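To start, the structure under review is shown below, and the notes come after it.
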Amino acid sequence: MEAIPLLKQLSEAEGIAGFEGPVRNLVREMWQPYVDEMHDGALGSLIALKKGAGPEPRPKAMLAAHMDEIGLMVTDLEDSFLRITRVGGTDRRVLLGLEVVVHGRRELPGVVATRPPHVLPKEERKKTVPWDKIFVDVGLPREDVEDLVSIGDLISIRREFSELKNRRVAGKALDDRACVAAITLALERLSRIEHAWDVLAVATAQEETGLKGALASAYGVAPDLAVALDVTFAEQPGVNDYGLFPLGGGPAIGLGPNFHPKLVERLKKVAKDREIPYQMDPIPGRSGTDAWAMQVTREGVPTALVSIPVRYMHQPVETLAAEDVERAGRLLAAFIGDSEASLLNEIAWEVGD
Amino acid sequence: MILKELSEAHGVSGNEGDVRSIVLDAVRDHVDGVRIDALGNLLTVKHGTDQDPMRVMLAAHMDEIGLMVVDHDDKGLLKVRAVGGIDARLLPGVRLAVGPDRIPGVIGIKPIHLVESDEMGKVTKVEKLMVDIGAKGKEEAQELAPLGTYATFATPYRELGPTVTGKAFDDRAGCAVLVELLRGDRFSFDLHGVFTVQEEVGLRGARVAAFAVDPDCAFALEGTIADDIPKEKDESPTTELGKGPAITVMDRSFIADRRLVRLLTGTAEELDIPYQIKQPGLGGTDAGVIHLAREGVPSATVAVPSRYIHSPAALLSLEDFDHTVRLMRESLSRLTRETLK
């Protein structure tokens with residue numbers, strides 16, 4: 001399976017946090033050939049089971065990547081214009097001049113509006129535009145807008161996926177659909193080999209608004225171990241800090257309190273054995289990913305994080321190297337494939353450890 | 001609708017060739033003469049029916065604002081500068097088409113997660129932004145997008161119902177109006193339809209074209225500012241969408257010829273064509289140099305109101321567009337030497 005067509009479909013699909021319907025349907029279709037069962041979680045996650053080959057009861061590994069994306073919501077109508085707020089961490093600095101789709105009584109294409117620079121005092125042109133001066137314009141007369149749009153309607157960002165040079169790609173929502181693609185690639189690989197563990201692949205909902213889908217679905221799945229997949233910051237212009245990863249340098253494996261050290265070691269070993277390039281990502285506390293919620297489910301779950309480096313996070317031009325997505329898929333498949341039923345005992349803490 | 005093709009064409013100032021080809025194909029069979037001058041202006045003439053016809057110049061500029069590659073960094077990113085009046089506030093997050101092969105490129109900024117709160121309010125200058133085309137190093141970047149490569153917004157033209165959205169309506173809307181006029185019936189006078197270059201970098205093309213045409217009077221056709229979105233203070237909307245063509249009385253570049261303005265408003269009232277007077281003072285057009293050609297040329301500007309000009313996604317009303325074409329056609333058919341006396 002090719003990574004780039006997967007990434008394109010996933011990136012262009014709609015699915016704002018809490019309203020993941022369209023992207024959930026797409027993921028269900030993508031996973032259908034490779035899994036045994038699927039169901040929708042109460043909060044909107046898609047939970048798929050791919051059975052292991054060993055005798056029951058089999059240990060369960062949960063692989064989670066969130067399918068929701070950030071977006072906008074209508075807060076008021078003003079003349080024929082829509083006032084807006086954000087759903088999740090939408091960055092107002094990248095909204096101006098953006099194409100959007102308003103999910104009103106019907107789908108309304110529109111653009112994000114602000115006043116042209118020609119009419120602004122010089123000082124104002126140097127400032128980013130605050131939320132109360134950003135509108136959405138659907139190009140219809142006031143009466144039509146009042147008929148078709150209500151307060152609370154969602155607004156999706158509309159952005160065509162771009163293939164850049166060197167198999168680098170850019171688009172919206174690659175946070176975290178790139179990782180949904182990686183899980184899809186892993187499921188395809190796993191469909192060709194025998195593996196002892198049950199795999200619970202979960203495309204989680206509502207991550208961007210507080211890790212909600214992962215929390216609820218991890219409770220339902222009750223996994224024996226969990227791996228979250230998310231994006232991390234790639235090296236990019238304008239940022240000089242530690243914890244930035246070169247694009248194309250391979251997936252990053254999280255280190256820190258959110259992650260089970262022995263599980264981390266195991267992932268590193270698998271990567272080394274298969275000669276998959278990887279990087280280490282030290283995270284001193286809250287990881288801000290589904291791993292944070294899954295780790296404290298029920299009696300606690302050994303958890304790890306595999307991240308794909310992305311430039312320009314939360315912007316409609318999130319940029320990544322397709323090979324990093326493929327490597328994450330290979331790493332996950334190899335990790336599951338190499339996991340004996342006894343892995344749990346191996347990573348369990350012993351008294352005195 | 002030729003506006004779609006024109007809007008999606010690339011023509012940053014100094015690189016108007018693609019737009020010129022489209023216009024040429026559209027008008028060639030409807031005019032009596034075409035030539036391209038030293039700067040790249042496309043000058044057409046459609047002869048009049050009078051024995052001793054007047055010379056009337058109609059100008060619309062083909063160029064649009066954009067970016068130019070000025071350097072490459074070691075990571076393969078492109079350093080760019082603005083060509084024309086680009087609004088740095090709306091560059092972060094844009095998708096670009098770079099160079100003649102339209103290589104996809106993007107501009108991203110520091111992720112919101114890593115931004116200090118006092119940084120959120122500051123606009124990143126164009127000089128500090130980098131264009132990412134996926135190149136892995138300096139050499140590859142230099143090869144793909146050599147110094148001087150132009151980049152423009154990669155925004156598709158889209159119908160929203162009674163309105164349409166797309167890039168470069170300033171001034172492809174004016175170009176489309178002029179194409180429509182050239183494709184119509186002859187007027188009494190010789191119509192010199194001029195598609196100008198380099199308006200956005202200082203009205204360069206129109207200056208030399210007006211000298212060459214040496215018209216008796218002239219009209220600039222524009223896509224102009226509509227600032228009719230909600231705002232706190234009671235400020236003028238400049239022009240409003242849906243209220244018809246905008247007629248300029250005075251802007252930063254010139255004072256319109258009163259007789260031509262009267263011709264336009266009189267025609268509109270006679271025929272019930274909606275029109276609006278653009279708020280005096282703002283903006284400037286090719287008329288700013290045309291009216292100064294040789295010994296001076298009586299000039300006026302008529303524009304299709306457009307929201308969000310100079311942005312990746314401008315928006316105009318097709319009804320305003322049609323009314324602009326009609327107002328121009330009807331006014332021109334009433335234009336005689338008497339009008340200018």
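By order in the structure tokens, chains are A, B, ...; within a chain, residues start at 1; ligands start at 1, following the order shown.
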
Counting only C-alpha atoms, which residues in chain A sit no more than 6 Å from chain B? For each one, give the nearest pair of atoms and the distance in Å, sorted by chain then residue number, as JSON lines.
{"residue": "A:Val94", "atom": "CA", "partner": "B:Gly93", "partner_atom": "CA", "distance": 5.0}
{"residue": "A:Leu96", "atom": "CA", "partner": "B:Leu90", "partner_atom": "CA", "distance": 5.2}
{"residue": "A:Gly97", "atom": "CA", "partner": "B:Ala313", "partner_atom": "CA", "distance": 5.3}
{"residue": "A:Pro116", "atom": "CA", "partner": "B:Tyr308", "partner_atom": "CA", "distance": 5.7}
{"residue": "A:Lys126", "atom": "CA", "partner": "B:Val123", "partner_atom": "CA", "distance": 5.4}
{"residue": "A:Lys127", "atom": "CA", "partner": "B:Lys122", "partner_atom": "CA", "distance": 5.0}
{"residue": "A:Thr128", "atom": "CA", "partner": "B:Gly121", "partner_atom": "CA", "distance": 5.0}
{"residue": "A:Gly139", "atom": "CA", "partner": "B:Thr163", "partner_atom": "CA", "distance": 5.5}
{"residue": "A:Leu164", "atom": "CA", "partner": "B:Gly134", "partner_atom": "CA", "distance": 5.0}
{"residue": "A:Lys165", "atom": "CA", "partner": "B:Gly134", "partner_atom": "CA", "distance": 4.6}
{"residue": "A:Arg168", "atom": "CA", "partner": "B:Gly134", "partner_atom": "CA", "distance": 5.6}
{"residue": "A:Gly238", "atom": "CA", "partner": "B:Lys110", "partner_atom": "CA", "distance": 5.8}
{"residue": "A:Tyr312", "atom": "CA", "partner": "B:Gly108", "partner_atom": "CA", "distance": 5.0}
{"residue": "A:Met313", "atom": "CA", "partner": "B:Pro111", "partner_atom": "CA", "distance": 5.2}
{"residue": "A:Gln315", "atom": "CA", "partner": "B:Gly93", "partner_atom": "CA", "distance": 5.7}
{"residue": "A:Pro316", "atom": "CA", "partner": "B:Gly93", "partner_atom": "CA", "distance": 5.5}
{"residue": "A:Val317", "atom": "CA", "partner": "B:Gly93", "partner_atom": "CA", "distance": 5.6}

DSSP-assigned strand (DSSP E or B) among range 66-172 of chain A, expressed as an NGL selection string:
:A and (66 or 69 or 71-78 or 81-87 or 99-103 or 107-113 or 127 or 135-137 or 154-157 or 162-163 or 168-171)

Could those selected residues go to a file with N, CA and C atoms, as a CSV table (one decimal), in the first residue's frame?
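Saved to result_18.csv:
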chain,number,residue,atom,x,y,z
A,66,HIS,N,-5.2,9.8,16.8
A,66,HIS,CA,-6.5,10.5,16.7
A,66,HIS,C,-6.8,11.0,15.3
A,69,GLU,N,-9.7,16.7,13.9
A,69,GLU,CA,-8.8,17.8,13.6
A,69,GLU,C,-9.4,19.1,14.2
A,71,GLY,N,-10.6,23.1,14.2
A,71,GLY,CA,-11.5,23.8,13.2
A,71,GLY,C,-12.1,25.0,13.9
A,72,LEU,N,-13.3,25.4,13.3
A,72,LEU,CA,-13.9,26.6,13.8
A,72,LEU,C,-15.4,26.4,14.0
A,73,MET,N,-16.0,27.3,14.7
A,73,MET,CA,-17.5,27.2,15.0
A,73,MET,C,-18.1,28.6,14.9
A,74,VAL,N,-19.4,28.6,14.4
A,74,VAL,CA,-20.1,29.9,14.3
A,74,VAL,C,-20.6,30.3,15.7
A,75,THR,N,-20.3,31.6,16.1
A,75,THR,CA,-20.8,32.1,17.3
A,75,THR,C,-21.9,33.1,17.2
A,76,ASP,N,-21.9,33.7,16.0
A,76,ASP,CA,-22.9,34.7,15.8
A,76,ASP,C,-23.0,35.1,14.3
A,77,LEU,N,-24.2,35.6,13.9
A,77,LEU,CA,-24.3,36.1,12.6
A,77,LEU,C,-24.3,37.7,12.7
A,78,GLU,N,-23.6,38.3,11.8
A,78,GLU,CA,-23.6,39.7,11.8
A,78,GLU,C,-23.7,40.2,10.3
A,81,PHE,N,-22.3,38.1,7.5
A,81,PHE,CA,-21.0,37.5,7.9
A,81,PHE,C,-21.2,36.7,9.2
A,82,LEU,N,-20.2,35.7,9.4
A,82,LEU,CA,-20.3,34.8,10.5
A,82,LEU,C,-19.2,35.2,11.5
A,83,ARG,N,-19.5,35.4,12.7
A,83,ARG,CA,-18.5,35.5,13.8
A,83,ARG,C,-18.1,34.1,14.2
A,84,ILE,N,-16.8,33.9,14.5
A,84,ILE,CA,-16.3,32.5,14.8
A,84,ILE,C,-15.5,32.4,16.0
A,85,THR,N,-15.5,31.1,16.5
A,85,THR,CA,-14.5,30.8,17.6
A,85,THR,C,-13.8,29.5,17.1
A,86,ARG,N,-12.8,29.1,17.9
A,86,ARG,CA,-12.1,27.9,17.5
A,86,ARG,C,-12.5,26.6,18.2
A,87,VAL,N,-12.4,25.5,17.6
A,87,VAL,CA,-12.6,24.2,18.2
A,87,VAL,C,-11.2,23.6,18.2
A,99,GLU,N,-9.7,29.2,2.7
A,99,GLU,CA,-10.9,28.6,2.2
A,99,GLU,C,-11.5,27.7,3.3
A,100,VAL,N,-12.8,27.8,3.5
A,100,VAL,CA,-13.5,26.9,4.5
A,100,VAL,C,-14.8,26.4,4.0
A,101,VAL,N,-15.3,25.4,4.7
A,101,VAL,CA,-16.7,24.9,4.4
A,101,VAL,C,-17.5,25.1,5.7
A,102,VAL,N,-18.6,25.8,5.6
A,102,VAL,CA,-19.5,26.0,6.7
A,102,VAL,C,-20.6,24.8,6.6
A,103,HIS,N,-20.6,24.1,7.7
A,103,HIS,CA,-21.6,23.0,7.8
A,103,HIS,C,-22.9,23.5,8.3
A,107,GLU,N,-23.9,22.4,2.9
A,107,GLU,CA,-22.5,22.8,2.9
A,107,GLU,C,-22.3,24.1,2.2
A,108,LEU,N,-21.7,25.1,2.8
A,108,LEU,CA,-21.5,26.4,2.2
A,108,LEU,C,-20.0,26.6,2.1
A,109,PRO,N,-19.5,26.7,0.8
A,109,PRO,CA,-18.1,27.1,0.7
A,109,PRO,C,-17.9,28.6,1.1
A,110,GLY,N,-16.8,28.9,1.7
A,110,GLY,CA,-16.6,30.3,2.1
A,110,GLY,C,-15.1,30.6,2.3
A,111,VAL,N,-14.8,31.9,2.7
A,111,VAL,CA,-13.5,32.3,2.9
A,111,VAL,C,-13.4,33.0,4.3
A,112,VAL,N,-12.2,33.0,4.9
A,112,VAL,CA,-12.0,33.7,6.1
A,112,VAL,C,-11.7,35.2,5.8
A,113,ALA,N,-12.4,36.1,6.4
A,113,ALA,CA,-12.4,37.5,6.0
A,113,ALA,C,-11.7,38.4,7.0
A,127,LYS,N,0.1,44.1,13.3
A,127,LYS,CA,-0.4,43.2,14.3
A,127,LYS,C,-1.3,42.1,13.7
A,135,PHE,N,-13.8,37.1,10.4
A,135,PHE,CA,-15.2,36.7,10.0
A,135,PHE,C,-15.1,35.6,9.0
A,136,VAL,N,-16.2,34.9,8.8
A,136,VAL,CA,-16.3,34.0,7.6
A,136,VAL,C,-17.3,34.5,6.7
A,137,ASP,N,-17.0,34.5,5.4
A,137,ASP,CA,-17.9,35.1,4.4
A,137,ASP,C,-18.3,34.0,3.4
A,154,LEU,N,-20.5,24.1,12.5
A,154,LEU,CA,-19.1,23.9,12.4
A,154,LEU,C,-18.5,24.4,11.1
A,155,ILE,N,-17.3,24.8,11.1
A,155,ILE,CA,-16.6,25.2,9.9
A,155,ILE,C,-15.3,24.5,9.8
A,156,SER,N,-15.2,23.7,8.7
A,156,SER,CA,-14.0,23.0,8.4
A,156,SER,C,-13.0,23.8,7.5
A,157,ILE,N,-11.8,23.6,7.8
A,157,ILE,CA,-10.8,24.2,6.9
A,157,ILE,C,-10.7,23.4,5.6
A,162,SER,N,-0.8,18.8,-0.8
A,162,SER,CA,0.2,19.1,-1.7
A,162,SER,C,1.3,18.1,-1.6
A,163,GLU,N,1.8,17.6,-2.8
A,163,GLU,CA,3.0,16.8,-2.8
A,163,GLU,C,4.2,17.7,-3.1
A,168,ARG,N,8.0,14.6,0.3
A,168,ARG,CA,7.5,15.4,1.4
A,168,ARG,C,6.1,15.9,1.0
A,169,VAL,N,5.2,15.9,2.0
A,169,VAL,CA,3.8,16.3,1.7
A,169,VAL,C,3.3,17.4,2.6
A,170,ALA,N,2.4,18.2,2.2
A,170,ALA,CA,1.8,19.3,3.0
A,170,ALA,C,0.3,19.3,3.0
A,171,GLY,N,-0.3,19.5,4.1
A,171,GLY,CA,-1.8,19.6,4.1
A,171,GLY,C,-2.3,19.9,5.5

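Among the candidates B:Val70, B:His291, B:Val126, B:Ala300, the residue lying nearest to Val261 in chain B is B:Ala300 (atoms considered: only C-alpha atoms).
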
For range 193-196 of chain A: contacts at 7 Å, only C-alpha atoms, fewer than 2 positions along chain excluded, given as JSON, numbers by chain | {"A": [52, 53, 54, 190, 191, 198, 336, 337, 339, 340, 341]}

Generate the output file for the selected residues, C-alpha atoms, as a PDB file, in the first residue's frame.
ATOM      1  CA  GLY A  52      -4.013 -12.680  17.269  1.00  0.00           C
ATOM      2  CA  ALA A  53      -3.118 -16.287  16.448  1.00  0.00           C
ATOM      3  CA  GLY A  54      -2.511 -17.618  19.956  1.00  0.00           C
ATOM      4  CA  LEU A 190       0.086  -7.584  10.086  1.00  0.00           C
ATOM      5  CA  SER A 191      -2.515  -9.130   7.779  1.00  0.00           C
ATOM      6  CA  ASP A 198      -4.856  -9.141  19.709  1.00  0.00           C
ATOM      7  CA  ILE A 336       3.416  -6.446  17.325  1.00  0.00           C
ATOM      8  CA  GLY A 337       4.857  -9.248  15.211  1.00  0.00           C
ATOM      9  CA  SER A 339       5.685  -9.593  20.731  1.00  0.00           C
ATOM     10  CA  GLU A 340       5.356 -13.007  22.307  1.00  0.00           C
ATOM     11  CA  ALA A 341       2.387 -13.699  24.506  1.00  0.00           C
TER      12      ALA A 341
END

Would you mind listing what lies within 6 Å of range 4-21 of chain A as a list in words, with only C-alpha atoms counted and same-chain residues fewer than 6 positions away left out?
-> Asp68, Glu69, Ile70, Gly71, Phe161, Lys172, Ala173, Leu174, Arg177 and Gln206 of chain A
